[in-house]
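Visitor: Sending over a structure as structure tokens; questions will come in a sec.
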Amino acid sequence: MSAVVPELPPQAARSGGNAFTRWIGRSVLRIGGWKVTGQWPDLAKMVVIVAPHSSIWDAIWGIAAKVAMGVDIHFMAKKEAFWGPLGWLLRRFGGFPVDRAAPAGIVEQAVAKIIASERMWFVLAPEGTRRRVQKWKPGFWKIARGAGVPVFCAWLNYAEKTIGLGPLLELSDDLEADLLRAREQFRPYRGRNRDVF
């Protein structure tokens, strides 16, 4: 029996995987004891924030869920990581390189990529690190506002081995209020090594 994952809505970008690769992703989740709950919104473009991010294992379970659902997600990583086999693997799973020293900053590079795409679900960890932080980085807010897209929450709860989807957040003009409201969505969930507070 395979782990249950939600169906993708019509506007979701598909990864191009097949029934076999999705079975592999579901099997990895099942062997690890993980399940995916909630539903994706029917949107062609959005910024997806994932928290709490406290372990490299978050990427393993996240990639397994991505493959299991057949969803095409994108994330950024420093351009120095895109060399040899690691670069191929990062690109294969939706990564794209950003130049941290470029005149157009990282936010601008991400905004341009979303605007130029017909469909893009752009994923990032708002904590910006696996360590506990007192305040989230505002990059996800700036990217979503710059691209004119909403923010969707996805969470990892190691206490119940659950990857959760939702809710969708419409942003206001108040950065600080939106950061607090977004962070509050993750209060009930426990990462592998910590929660978000």
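Order determines the names: the first chain of the structure tokens is A, the second B, and so forth; residues in each chain are numbered 1 upward, and ligands are numbered 1 upward as they are shown.
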Can you list, as a list in words, every residue of segment 54-107 of chain A that DSSP puts in strand (DSSP E or B)?

Guide: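 Here are the strand (DSSP E or B) residues of segment 54-107 of chain A: Val71, Ile73, His74, Phe75, Met76, Ala77, Lys78, Gly95, Phe96, Pro97 and Val98 of chain A.
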
Visitor: Keeping only N, CA and C atoms, write those residues as an mmCIF file, in the first residue's frame.

Guide:
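Output contents, as saved in selection_9.cif:
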data_model
loop_
_atom_site.group_PDB
_atom_site.id
_atom_site.type_symbol
_atom_site.label_atom_id
_atom_site.label_comp_id
_atom_site.auth_asym_id
_atom_site.auth_seq_id
_atom_site.Cartn_x
_atom_site.Cartn_y
_atom_site.Cartn_z
ATOM 1 N N VAL A 71 4.343 16.995 -8.896
ATOM 2 C CA VAL A 71 4.242 18.449 -8.994
ATOM 3 C C VAL A 71 5.580 19.058 -9.395
ATOM 4 N N ILE A 73 7.853 21.971 -8.831
ATOM 5 C CA ILE A 73 8.151 23.105 -7.971
ATOM 6 C C ILE A 73 9.545 23.624 -8.296
ATOM 7 N N HIS A 74 9.778 24.872 -7.955
ATOM 8 C CA HIS A 74 11.070 25.504 -8.230
ATOM 9 C C HIS A 74 11.608 26.136 -6.957
ATOM 10 N N PHE A 75 12.910 26.105 -6.841
ATOM 11 C CA PHE A 75 13.572 26.722 -5.697
ATOM 12 C C PHE A 75 14.893 27.295 -6.169
ATOM 13 N N MET A 76 15.441 28.217 -5.409
ATOM 14 C CA MET A 76 16.721 28.818 -5.778
ATOM 15 C C MET A 76 17.820 28.325 -4.858
ATOM 16 N N ALA A 77 19.001 28.292 -5.403
ATOM 17 C CA ALA A 77 20.189 27.945 -4.632
ATOM 18 C C ALA A 77 21.355 28.753 -5.205
ATOM 19 N N LYS A 78 22.368 28.955 -4.389
ATOM 20 C CA LYS A 78 23.508 29.742 -4.870
ATOM 21 C C LYS A 78 24.128 29.063 -6.079
ATOM 22 N N GLY A 95 15.574 23.153 -9.063
ATOM 23 C CA GLY A 95 16.442 24.230 -8.608
ATOM 24 C C GLY A 95 16.926 25.103 -9.752
ATOM 25 N N PHE A 96 17.151 26.359 -9.461
ATOM 26 C CA PHE A 96 17.800 27.238 -10.434
ATOM 27 C C PHE A 96 18.810 28.109 -9.705
ATOM 28 N N PRO A 97 19.937 28.377 -10.374
ATOM 29 C CA PRO A 97 21.012 29.122 -9.711
ATOM 30 C C PRO A 97 20.721 30.617 -9.637
ATOM 31 N N VAL A 98 21.119 31.228 -8.534
ATOM 32 C CA VAL A 98 21.053 32.679 -8.414
ATOM 33 C C VAL A 98 22.445 33.198 -8.074
#

Visitor: Skip Ala64 of chain A itself and residues of its chain fewer than 6 positions away, then list as a list in words all residues within 9 Å of it, counting only C-alpha atoms.

Guide: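 Selected residues are Arg22, Ile24, Gly25, Arg26, Ser27, Val28 and Leu29 of chain A.
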
Visitor: List the neighbours of Ala81 of chain A out to 9 Å using only C-alpha atoms; skip same-chain residues closer than 5 positions along the sequence, and give me the result as an NGL selection string.

Guide: :A and (86-87 or 90 or 97)

Visitor: Store the residues picked out above in a file with C-alpha atoms, as a CSV table (one decimal), in the first residue's frame.

Guide:
chain,number,residue,atom,x,y,z
A,86,LEU,CA,25.0,18.0,-7.9
A,87,GLY,CA,24.1,20.7,-10.4
A,90,LEU,CA,19.4,20.3,-8.3
A,97,PRO,CA,21.0,29.1,-9.7

Visitor: At most 12 Å is the cut-off: for each residue in segment 48-124 of chain A with any atom that close to an atom of segment 164-172 of chain A, write down the nearest atom pair and the distance in Å rounded to one decimal, counting only C-alpha atoms, chain first then increasing number, as CSV.

Guide:
residue,atom,partner,partner_atom,distance
A:Val48,CA,A:Leu168,CA,9.0
A:Ile49,CA,A:Gly166,CA,10.0
A:Val50,CA,A:Leu165,CA,9.4
A:Ala51,CA,A:Gly164,CA,10.2
A:Pro52,CA,A:Gly164,CA,11.5
A:Trp61,CA,A:Gly164,CA,11.8
A:Gly62,CA,A:Gly164,CA,10.7
A:Ala65,CA,A:Gly164,CA,10.5

Visitor: Can you measure atom CA of Asn193 of chain A to atom CA of Leu179 of chain A for me? One decimal in Å is fine.

Guide: 22.1 Å

Visitor: Given only C-alpha atoms as the basis, pick out the residue of A:Val36, A:Ala19, A:Ala59, A:Leu8 nearest to Thr162 of chain A.

Guide: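 Selected residue with least distance to Thr162 of chain A: A:Val36.
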
Visitor: Go through A:Met46, A:Lys66, A:Arg192, A:Trp88 and flag the residue nearest Trp141 of chain A, using only C-alpha atoms for the distances.

Guide: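 Selected residue with least distance to Trp141 of chain A: A:Met46.
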